[in-house]
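The next block holds one structure in the form of C-alpha cells; read it before the comments.
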Amino acid sequence: MRASLFITCYNDTLYPETGRAVVRLLERLGVELEFRAAQTCCGQMHANTGFRAEAFSQAKRLVRLYSDAEAVVIPSSSCVCMMRDQYPGLFEELGNESLRRDFAALLPRVYELTEFLIDQLKVEDVGAYFPHRVAYHPSCHALRGLHIGDRPVRLLKKVRGLELAPIENVDRCCGFGGTFSVKNFEVSSAMLGAKVHDLLSTKADYCTAVDNSCLMHIGGALHRQYAGMRTIHIAQILAATEGAAAEEAA
Amino acid sequence: MSQAVAGHPILDPVLAPTFPKAALPILRNAQLRKNVTHATDVIQAKRAKLVAEKTDWQELRSAAAEIRAHALENLGEYLEQFEARCTAAGGTVHWASDAAEARQIIVDLLREEKASEVIKIKTMTSAEIQLNPAIEAAGIHAYETDLAEIILQLGEDEPSHIVVPALHVNRSQVREIFARRMGIKDLSDDPQVLTGAARNYLRQKFLKVPTAISGANFLVAETGAVAVVESEGNGRMCLTLPRTMITLAGIDKVIPRFKDLEVMLQVLARSATGERMNPYTSLWTGVTPGDGPQRFHVVLLDNGRTSILAKPKERQTLRCIRCAACLNTCPVYRQTGGHAYGSVYAGPIGAILTPQLMHLEHAQTLPFASSLCAACYEVCPVKINIPEVLLELRAQVVDQERKQADRFLDLMYWGLRIANQIFVSAWRFRTAQWAGRIGLRFFTGKDGWIHWMPSLGARWTVSRDLRGLPSQTFRQWWAARAKEAK
Amino acid sequence: MTAASTSRTQILDRIRSATKILPQSACAYADLPRSYVRKGAQSHLAQVELMIERLREYDADVIECKAQDLPATIAAQLASSGRHTFVAPEGLPAEWMAAGYDWKIDHGMENAEVELTEGVVTAAFAGVADSGTIVLHHSSSEGRRVISLLPDWHLCILRASQVVETLPEYFDLCKQAPDLATYISGPSATADIEMTRIKGVHGPRFLNVIVVRDDS
C-alpha cells in the first residue's frame with residue numbers, strides 16, 4: 001500500500017520525532033510512504049480563530065496538493081477533523097465546483113494515523129514494545145470530532161510491556177484549544193491545571209495522545225512543574241520495538 | 001462572600017467586561033470555584049446515570065431536535081395558532097419586539113392590577129430583559145420565589161447558571177444571607193433548615209400577593225397551553241393562587257402539539273437536573289373558571305430572536321430548551337462559573353446566544369470563550385452544534401475587526417494575517433521555520449526548553465514551558481534521508 | 001395601528017421573511033422521527049411494581065390495597081397521619097371520606113380556607129411507571145389545583161389499571177389534551193443549596209399514594 005504523509009505544520013517544526021516514528025512504523029508495516037515538500041498547514045488555526053478567508057486559501061492549497069494521492073495519513077486528529085468538519089463549509093461558501101469535486105474525491109482517502117492502522121491496514125498488534133505505564137489522553141477532536149473510539153486503546157493494548165493507566169475525567173478537554181490557550185490564557189491554564197491533576201493521579205510514566213497539540217500543552221505544564229511524567233505521541237510508542245527504543249527528544 | 005472578592009457581577013452584556021477580564025477574579029476565588037465544581041460534578045453524575053439507563057436516548061434526542069427545528073421553520077404559523085387558542089381560552093396575548101417593550105407591557109399590566117407587589121417564578125427571560133429593576137422603578141416590589149433566586153435576590157447577587165442559578169454560593173454563605181436579610185438569629189447552615197426558612201419567608205406572600213409573573217418552558221400551539229417545569233412547588237403556587245398571571249416567553253418556546261411534550265419532558269428533566277422527571281410540571285390553557293388566575297396574559301418576546309432565525313447556521317441556537325447540560329459539562333464553565341459570561345445566559349449556550357441577542361454589537365469575546373472541545377454538542381438534548389455556531393460567530397467578529405482602523409494594533413490579528421502569508425507558500429514556511437529556530441534560541445534555556453517568551457508568547461509561558469525548536473525539521477530529515485538512499 | 005398591533009405585525013413579518021429566506025430543511029410534522037420507545041415492554045404487573053418502586057425512591061409513602069379494602073385503607077392512612085382537617089374535591093367518592101374527620105368539600109374554597117386544612121385526598125388521572133409520575137387532570141375527583149397544593153399532606157388514590165409504563169403511553173391515553181394538568185414526580189424538593197436534595201419546599205411535604213390493585 002502507498003500513502004502520502006501529511007505531517008502537519010507543527011509536527012514538522014516542533015515534533016519531527018513524531019514524523020520519524022510514523023515513517024518507521026508504517027514502513028515496518030510495509031507501507032510505501034511519500035512526503036510532499038510543498039505541504040504546510042491545513043488552515044485549522046485560522047478557521048478556529050475566525051479567519052475564514054485565510055483558512056480557505058490554505059485548505060484549497062492542501063486539496064490541490066493531495067488530489068492525486070492514494071491515501072493521506074495524518075498523525076493529528078484535529079487536522080483531520082478540520083478537513084472533515086470545516087472544509088465542506090469553507091468550500092461551499094468560498095470555493096468553486098471543481099474544488100468541491102476534488103475535495104469530495106479526496107476526503108474518503110484521508111486518515112488519522114490510528115484510523116489508517118486499524119481500518120486500512122487492519123492491524124492492531126504493530127509489533128511494538130514499550131515497557132512503561134502509560135495514560136492515554138483522548139483528545140477532544142479524536143473523541144468527539146472523529147469518533148475514533150477505542151482505536152488508539154486497542155493499539156496500545158497490544159504493545160508489549162505497556163501498562164495502561166486509566167485517567168479520571170478522561171474525556172475532559174486539557175484546555176489547549178489553539179489560540180484559545182493564548183486569548184484566554186488564564187482560563188486555559190486553569191483547565192490545564194485540572195487535567196494535570198487527573199494525569200498525575202494515574203502515576204503513569206507517560207501521557208500519550210494522537211495529537212501533539214494537546215501533548216505540547218500538557219507536556220508544557222508537566223515540565224514547568226518538574227512533574228516527572230513525560231508526554232509522547234502514540235506513533236512514537238507504536239514505532240518502538242525491543243531492538244529500538246522510542247525516540248524522544250531531550 | 002463571593003462578591004467581596006469578585007466584585008458585583010455584571011450580567012448586562014452592554015456593560016460587562018470582556019470574558020477574559022471577567023474570568024480572572026473568579027479564577028482567583030477558590031471558594032467559588034469549589035462550589036461550582038461540586039455542583040456541576042453532582043448534576044453531571046446524575047445526568048450520566050439517567051441517560052445511560054434510557055435505551056432510546058439517542059432516538060429521543062433526534063426527535064427533540066427535529067421537533068424544535070420543525071417548530072422554528074414554521075414559527076409564524078405556530079405562534080398565530082398559539083395566540084388563537086390561548087385567546088379563545090380566555091388569555092390575552094401581547095407581542096414585544098424588544099426588551100423595553102416587554103418591560104413596558106408588563107409594568108402597564110401590573111399598574112392596571114394596581115399591584116404593589118408581585119411574586120415571580122424563576123424565568124431566564126425576565127432576567128434577559130432586566131425586568132425586576134423596571135418593576136421596582138414603577139414602585140412595585142418583585143419577590144423571587146425559587147429558592148436559588150431568593151438567595152440571589154437577598155444576597156444582591158446574580159445568577160450564574162440557567163437551572164441552578166445560585167450554585168456558586170455554598171451553605172454557609174446562604175446562612176449568612178438569610179440570617180442577615182430575614183433577621184433570623186441562630187440560623188444553622190443545614191440546607192434543610194435554610195430551606196425551611198425560605199418556605200416560611202414566602203408562605204404569606206404566596207397567599208396574599210394577587211399577581212404573579214412566570215416564564216414558560218413550552219408553549220403548545222395546538223392547544224394554547226403553557227407548560228412550566230419546576231421542583232419546589234413555588235411555580236405551582238404562583239400559577240395557582242394569584243388573581244392575575246403574566247407569562248413572559250420567548251417566541252422560540254413554541255412546540256407544535258401537546259403530544260410533543262412526551263419527548264420534550266423526557267429529555268429536559270434528565271438533561272437539566274438528572275431526574276427521570278422533575279417533581280412538578282404544570283400545564284394550563286388560558287383561564288379555567290374557578291381554578292387558578294382568572295386573568296391571564298402572555299407576552300411573546302422577540303428581542304433579537306427573529307434575526308437569529310434568519311441565519312442558516314445560527315438558527316439552531318433557538319432550539320435550546322435551557323436545560324444547562326452544556327454548562328455542566330463545559331470545561332470552561334467549570335473553571336469560571338457563570339458570571340464571567342457577562343449575561344444571564346452562561347456557558348456554551350450563552351457564548352452563542354448572548355452575542356446574537358446583542359446583534360454582535362456587544363459580547364464579541366464570548367464566541368472565543370471555548371476550547372471547541374464539543375462536549376456541549378455531545379450532551380445537548382436538541383443537538384445544537386454549538387462549536388459550529390461558535391466558529392460562525394468568530395468569523396463574523398473577525399470580519400468586524402477587518403474593518404477597524406486599529407486592527408493592526410492587535411498582535412493576534414496581524415500575527416494571524418502574517419501566518420497565513422507564510423502558510424500559503426512552502427518556501428516562506430521553510431524560511432519561517434528557520435527564522436523561528438534562530439529567534440527562539442535566544443529564549444531557550446540550558447535544558448532545551450523555553451520558560452519565558454515575550455509579548456503574546458508570555459501568555460503561553462504563564463503556566464507552560466515549551467520545548468525548544470529541534471535543530472532539524474521533519475522535512476529536513478526526510479530530504480536528508482532521501483539523499484542518503486540515493 | 002396601535003403600538004401593540006404594530007409589534008405583532010412586525011414580529012410575524014420578520015419571522016416570515018426569516019423562514020422564507022432559508023430552504024426548508026426540517027421535516028414536515030408527520031415525518032418527524034419518532035423511533036423512541038413508545039410502548040413499555042414489561043408486564044402490567046411489573047409496571048405497577050416499577051411505579052411503586054419509583055414513588056418510594058421519591059420518598060412517597062406507598063400502600064397497596066385491594067379494591068374492596070380501599071375505604072378502610074384510606075381510613076387507616078388518615079388515622080396514622082395524625083391530622084384532622086381534610087379537604088376533598090367535589091367529586092371524591094363519599095365512601096373515601098372516613099367518618100370522624102373534619103371534611104371540607106371544595107365547592108370553590110378561598111385559598112386561605114384551603115391553607116387552614118391539614119391534608120387532602122384526591123384521585124388521579126394516570127400513573128407513569130418509568131418516571132414514577134402521578135398525573136392529575138384536575139377533574140372533579142382530582143380536584144382544583146389549589147387543593148393538592150396548599151395542604152401539607154396529600155393522599156392520592158391511584159388505581160393499578162391507570163398505570164402505564166412510558167410517558168408516551170400516557171399521551172396516548174389522552175383522547176384530547178387537558179386544559180389543566182399537573183405531573184407530580186415526588187414531593188416538592190430542591191437541590192439549590194450545594195445540590196443537597198431537600199424535601200418539601202413549597203408544595204406538600206408529604207405525598208402518600210394508595211395503589212389500588214384492581215388489576216389482579
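Just remember, in the C-alpha cells the first chain shown is A, the second B, etc., residues are 1-based per chain, and ligands are 1-based in the order shown.
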
Counting only C-alpha atoms, what is within 9 Å of Ile10 in chain B, bar same-chain residues fewer than 4 positions away, as JSON, numbers by chain?
{"B": [15, 16, 17, 22, 158, 339, 340, 342, 343]}

Create the file for the chosen residues now, containing C-alpha atoms and written as a PDB file, in the first residue's frame.
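The resulting again.pdb:
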ATOM      1  CA  LEU B  15     -21.749  46.915  30.308  1.00  0.00           C
ATOM      2  CA  ALA B  16     -19.962  43.682  31.134  1.00  0.00           C
ATOM      3  CA  PRO B  17     -16.187  43.410  30.818  1.00  0.00           C
ATOM      4  CA  ALA B  22     -14.386  38.911  33.936  1.00  0.00           C
ATOM      5  CA  GLU B 158     -26.652  37.499  40.112  1.00  0.00           C
ATOM      6  CA  HIS B 339     -20.623  35.402  35.966  1.00  0.00           C
ATOM      7  CA  ALA B 340     -17.658  35.589  33.622  1.00  0.00           C
ATOM      8  CA  GLY B 342     -21.497  38.831  31.500  1.00  0.00           C
ATOM      9  CA  SER B 343     -25.006  37.660  30.696  1.00  0.00           C
TER      10      SER B 343
END

Filtered DSSP result for range 108-159 of chain A, state alpha helix (DSSP H), as a list in words
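Across range 108-159 of chain A, those assigned alpha helix (DSSP H) are Leu113, Thr114, Glu115, Cys140, Arg151, Pro152, Val153, Arg154, Leu155, Leu156 and Lys157 of chain A.
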
Take the residues from that selection and write them out as a PDB file, in the first residue's frame, keeping all heavy atoms.
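Final output, saved to selection_24.pdb:
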ATOM      1  N   LEU A 113      -3.868   8.704  11.791  1.00  0.00           N
ATOM      2  CA  LEU A 113      -2.945   7.565  11.865  1.00  0.00           C
ATOM      3  C   LEU A 113      -3.569   6.284  12.423  1.00  0.00           C
ATOM      4  O   LEU A 113      -3.443   5.213  11.820  1.00  0.00           O
ATOM      5  CB  LEU A 113      -1.723   7.955  12.712  1.00  0.00           C
ATOM      6  CG  LEU A 113      -0.721   6.827  12.983  1.00  0.00           C
ATOM      7  CD1 LEU A 113      -0.036   6.373  11.696  1.00  0.00           C
ATOM      8  CD2 LEU A 113       0.320   7.269  14.014  1.00  0.00           C
ATOM      9  N   THR A 114      -4.283   6.380  13.562  1.00  0.00           N
ATOM     10  CA  THR A 114      -4.809   5.135  14.153  1.00  0.00           C
ATOM     11  C   THR A 114      -5.978   4.590  13.327  1.00  0.00           C
ATOM     12  O   THR A 114      -6.202   3.382  13.294  1.00  0.00           O
ATOM     13  CB  THR A 114      -5.233   5.330  15.619  1.00  0.00           C
ATOM     14  OG1 THR A 114      -6.318   6.256  15.685  1.00  0.00           O
ATOM     15  CG2 THR A 114      -4.085   5.855  16.463  1.00  0.00           C
ATOM     16  N   GLU A 115      -6.689   5.473  12.655  1.00  0.00           N
ATOM     17  CA  GLU A 115      -7.732   5.011  11.725  1.00  0.00           C
ATOM     18  C   GLU A 115      -7.091   4.218  10.597  1.00  0.00           C
ATOM     19  O   GLU A 115      -7.576   3.160  10.180  1.00  0.00           O
ATOM     20  CB  GLU A 115      -8.467   6.201  11.074  1.00  0.00           C
ATOM     21  CG  GLU A 115      -9.404   6.975  11.966  1.00  0.00           C
ATOM     22  CD  GLU A 115     -10.016   8.161  11.218  1.00  0.00           C
ATOM     23  OE1 GLU A 115      -9.472   8.611  10.185  1.00  0.00           O
ATOM     24  OE2 GLU A 115     -11.050   8.661  11.681  1.00  0.00           O
ATOM     25  N   CYS A 140     -10.000  15.856  22.307  1.00  0.00           N
ATOM     26  CA  CYS A 140     -11.398  16.165  22.003  1.00  0.00           C
ATOM     27  C   CYS A 140     -11.722  15.904  20.535  1.00  0.00           C
ATOM     28  O   CYS A 140     -12.783  15.392  20.202  1.00  0.00           O
ATOM     29  CB  CYS A 140     -11.699  17.622  22.333  1.00  0.00           C
ATOM     30  SG  CYS A 140     -11.367  18.030  24.048  1.00  0.00           S
ATOM     31  N   ARG A 151      -9.926   2.957  19.065  1.00  0.00           N
ATOM     32  CA  ARG A 151      -8.833   2.521  18.171  1.00  0.00           C
ATOM     33  C   ARG A 151      -7.452   2.706  18.817  1.00  0.00           C
ATOM     34  O   ARG A 151      -6.660   1.751  18.836  1.00  0.00           O
ATOM     35  CB  ARG A 151      -8.911   3.265  16.838  1.00  0.00           C
ATOM     36  CG  ARG A 151     -10.040   2.765  15.922  1.00  0.00           C
ATOM     37  CD  ARG A 151     -10.019   3.563  14.610  1.00  0.00           C
ATOM     38  NE  ARG A 151     -11.099   3.203  13.721  1.00  0.00           N
ATOM     39  CZ  ARG A 151     -12.328   3.709  13.790  1.00  0.00           C
ATOM     40  NH1 ARG A 151     -12.624   4.588  14.730  1.00  0.00           N
ATOM     41  NH2 ARG A 151     -13.246   3.348  12.926  1.00  0.00           N
ATOM     42  N   PRO A 152      -7.156   3.887  19.351  1.00  0.00           N
ATOM     43  CA  PRO A 152      -5.826   4.048  19.964  1.00  0.00           C
ATOM     44  C   PRO A 152      -5.612   3.075  21.125  1.00  0.00           C
ATOM     45  O   PRO A 152      -4.521   2.514  21.279  1.00  0.00           O
ATOM     46  CB  PRO A 152      -5.843   5.493  20.471  1.00  0.00           C
ATOM     47  CG  PRO A 152      -6.866   6.179  19.632  1.00  0.00           C
ATOM     48  CD  PRO A 152      -7.916   5.147  19.367  1.00  0.00           C
ATOM     49  N   VAL A 153      -6.660   2.850  21.907  1.00  0.00           N
ATOM     50  CA  VAL A 153      -6.524   1.956  23.061  1.00  0.00           C
ATOM     51  C   VAL A 153      -6.283   0.523  22.597  1.00  0.00           C
ATOM     52  O   VAL A 153      -5.472  -0.210  23.170  1.00  0.00           O
ATOM     53  CB  VAL A 153      -7.778   2.059  23.961  1.00  0.00           C
ATOM     54  CG1 VAL A 153      -7.761   0.977  25.024  1.00  0.00           C
ATOM     55  CG2 VAL A 153      -7.848   3.442  24.601  1.00  0.00           C
ATOM     56  N   ARG A 154      -6.961   0.128  21.538  1.00  0.00           N
ATOM     57  CA  ARG A 154      -6.754  -1.225  21.009  1.00  0.00           C
ATOM     58  C   ARG A 154      -5.306  -1.410  20.576  1.00  0.00           C
ATOM     59  O   ARG A 154      -4.702  -2.459  20.798  1.00  0.00           O
ATOM     60  CB  ARG A 154      -7.699  -1.492  19.835  1.00  0.00           C
ATOM     61  CG  ARG A 154      -9.085  -1.962  20.308  1.00  0.00           C
ATOM     62  CD  ARG A 154     -10.186  -1.610  19.335  1.00  0.00           C
ATOM     63  NE  ARG A 154     -10.067  -2.275  18.049  1.00  0.00           N
ATOM     64  CZ  ARG A 154     -10.784  -1.934  16.980  1.00  0.00           C
ATOM     65  NH1 ARG A 154     -11.667  -0.944  17.068  1.00  0.00           N
ATOM     66  NH2 ARG A 154     -10.639  -2.569  15.856  1.00  0.00           N
ATOM     67  N   LEU A 155      -4.767  -0.388  19.951  1.00  0.00           N
ATOM     68  CA  LEU A 155      -3.370  -0.457  19.516  1.00  0.00           C
ATOM     69  C   LEU A 155      -2.435  -0.513  20.715  1.00  0.00           C
ATOM     70  O   LEU A 155      -1.488  -1.303  20.747  1.00  0.00           O
ATOM     71  CB  LEU A 155      -3.040   0.760  18.641  1.00  0.00           C
ATOM     72  CG  LEU A 155      -3.705   0.776  17.259  1.00  0.00           C
ATOM     73  CD1 LEU A 155      -3.698   2.185  16.679  1.00  0.00           C
ATOM     74  CD2 LEU A 155      -2.989  -0.187  16.307  1.00  0.00           C
ATOM     75  N   LEU A 156      -2.721   0.325  21.712  1.00  0.00           N
ATOM     76  CA  LEU A 156      -1.842   0.388  22.888  1.00  0.00           C
ATOM     77  C   LEU A 156      -1.889  -0.912  23.682  1.00  0.00           C
ATOM     78  O   LEU A 156      -0.883  -1.341  24.247  1.00  0.00           O
ATOM     79  CB  LEU A 156      -2.232   1.575  23.776  1.00  0.00           C
ATOM     80  CG  LEU A 156      -1.915   2.972  23.214  1.00  0.00           C
ATOM     81  CD1 LEU A 156      -2.547   4.060  24.074  1.00  0.00           C
ATOM     82  CD2 LEU A 156      -0.399   3.180  23.110  1.00  0.00           C
ATOM     83  N   LYS A 157      -3.051  -1.536  23.712  1.00  0.00           N
ATOM     84  CA  LYS A 157      -3.193  -2.769  24.487  1.00  0.00           C
ATOM     85  C   LYS A 157      -2.333  -3.893  23.925  1.00  0.00           C
ATOM     86  O   LYS A 157      -2.010  -4.850  24.621  1.00  0.00           O
ATOM     87  CB  LYS A 157      -4.662  -3.210  24.513  1.00  0.00           C
ATOM     88  CG  LYS A 157      -5.460  -2.489  25.591  1.00  0.00           C
ATOM     89  CD  LYS A 157      -6.843  -3.059  25.728  1.00  0.00           C
ATOM     90  CE  LYS A 157      -7.587  -2.411  26.893  1.00  0.00           C
ATOM     91  NZ  LYS A 157      -9.038  -2.573  26.771  1.00  0.00           N
TER      92      LYS A 157
END

Up to 8 Å from chain B, what residues of chain A turn up? Count only C-alpha atoms and give them as a ChimeraX atom specification.
/A:11-17,19-20,35,37-41,46-52,54-55,57-58,61,140-141,144-145,172-173,175-178,180-191,216-217,219-224,250

Per-residue nearest contacts of chain C to chain B (6 Å; only C-alpha atoms) as a Markdown table:
| residue | atom | partner | partner_atom | distance |
| --- | --- | --- | --- | --- |
| C:Ser7 | CA | B:Ser97 | CA | 5.7 |
| C:Arg8 | CA | B:Trp95 | CA | 5.3 |
| C:Leu12 | CA | B:Gly76 | CA | 5.9 |
| C:Ile15 | CA | B:Thr306 | CA | 5.7 |
| C:Ala18 | CA | B:Ala310 | CA | 4.1 |
| C:Thr19 | CA | B:Glu73 | CA | 5.8 |
| C:Ala26 | CA | B:His70 | CA | 5.2 |
| C:Pro33 | CA | B:Ala63 | CA | 5.3 |
| C:Arg34 | CA | B:Ala63 | CA | 5.8 |
| C:Ser35 | CA | B:Glu59 | CA | 5.8 |
| C:Tyr36 | CA | B:Glu59 | CA | 4.9 |
| C:Ser131 | CA | B:Arg276 | CA | 5.1 |
| C:Arg144 | CA | B:Asp291 | CA | 5.8 |
| C:Leu167 | CA | B:Glu262 | CA | 5.8 |
| C:Pro168 | CA | B:Glu262 | CA | 5.2 |
| C:Asp179 | CA | B:Thr285 | CA | 5.1 |
| C:Leu180 | CA | B:Trp284 | CA | 4.6 |
| C:Ala181 | CA | B:Leu283 | CA | 5.0 |
| C:Thr182 | CA | B:Ser282 | CA | 4.6 |
| C:Tyr183 | CA | B:Thr281 | CA | 4.9 |
| C:Ile184 | CA | B:Tyr280 | CA | 4.9 |
| C:Ser185 | CA | B:Pro279 | CA | 4.3 |
| C:Gly186 | CA | B:Pro279 | CA | 5.3 |
| C:Ser188 | CA | B:Glu232 | CA | 4.8 |
| C:Ala189 | CA | B:Glu232 | CA | 4.9 |
| C:Thr190 | CA | B:Glu232 | CA | 5.6 |
| C:Asp192 | CA | B:Ala148 | CA | 5.6 |
| C:Glu194 | CA | B:Asn170 | CA | 5.9 |
| C:Met195 | CA | B:Ala39 | CA | 5.9 |
| C:Ile198 | CA | B:Gln192 | CA | 5.9 |
| C:Val201 | CA | B:Glu232 | CA | 5.4 |
| C:His202 | CA | B:Gly233 | CA | 5.0 |
| C:Gly203 | CA | B:Gly233 | CA | 4.5 |

At a cut-off of 12 Å, using only C-alpha atoms, what residues contact Arg100 in chain A? Leave out same-chain residues fewer than 6 positions from it and give the result as number ranges by chain.
A: 59-60, 63-64, 67, 87-94, 106-107

What does the distance from CA of Arg181 in chain B to CA of Gln130 in chain B come to in Å, to one decimal?
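Answer for the CA of Arg181 in chain B to CA of Gln130 in chain B separation: 22.6 Å.
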
CA of Ala41 in chain C and CA of Arg47 in chain B are how many Å apart?
23.4 Å

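Here CA of Pro131 in chain A is placed at a distance of 7.5 Å from CA of Glu163 in chain A.
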
Run DSSP on the backbone and give me the residues of range 18-119 of chain B it puts in strand (DSSP E or B), as a PyMOL selection string.
chain B and resi 91-96+117-119

Write out as a PyMOL selection string each polymer residue whose atoms come within 6 Å of Thr123 in chain B, counting only C-alpha atoms; drop sequence neighbours fewer than 2 positions from it.
chain B and resi 125-126+215

Those residues you just picked out, can you put them in a file as a compact mmCIF listing (two decimals), in the first residue's frame with N, CA and C atoms?
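Contents of the output file out-v5.txt:
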# COMPACT_ATOMS: atom_id res chain seq x y z
N THR B 125 -35.90 34.55 30.93
CA THR B 125 -36.29 35.60 30.00
C THR B 125 -36.50 36.91 30.75
N SER B 126 -37.04 36.82 31.95
CA SER B 126 -37.21 38.02 32.77
C SER B 126 -35.86 38.64 33.09
N GLY B 215 -42.19 32.49 33.58
CA GLY B 215 -41.69 32.24 32.24
C GLY B 215 -42.47 31.06 31.69

Test item: residues at most 8 Å from Gly119 in chain C, only C-alpha atoms, excluding those fewer than 2 positions along its chain, as an MDAnalysis selection string
chainID C and resid 83 85:87 117 121 151:155
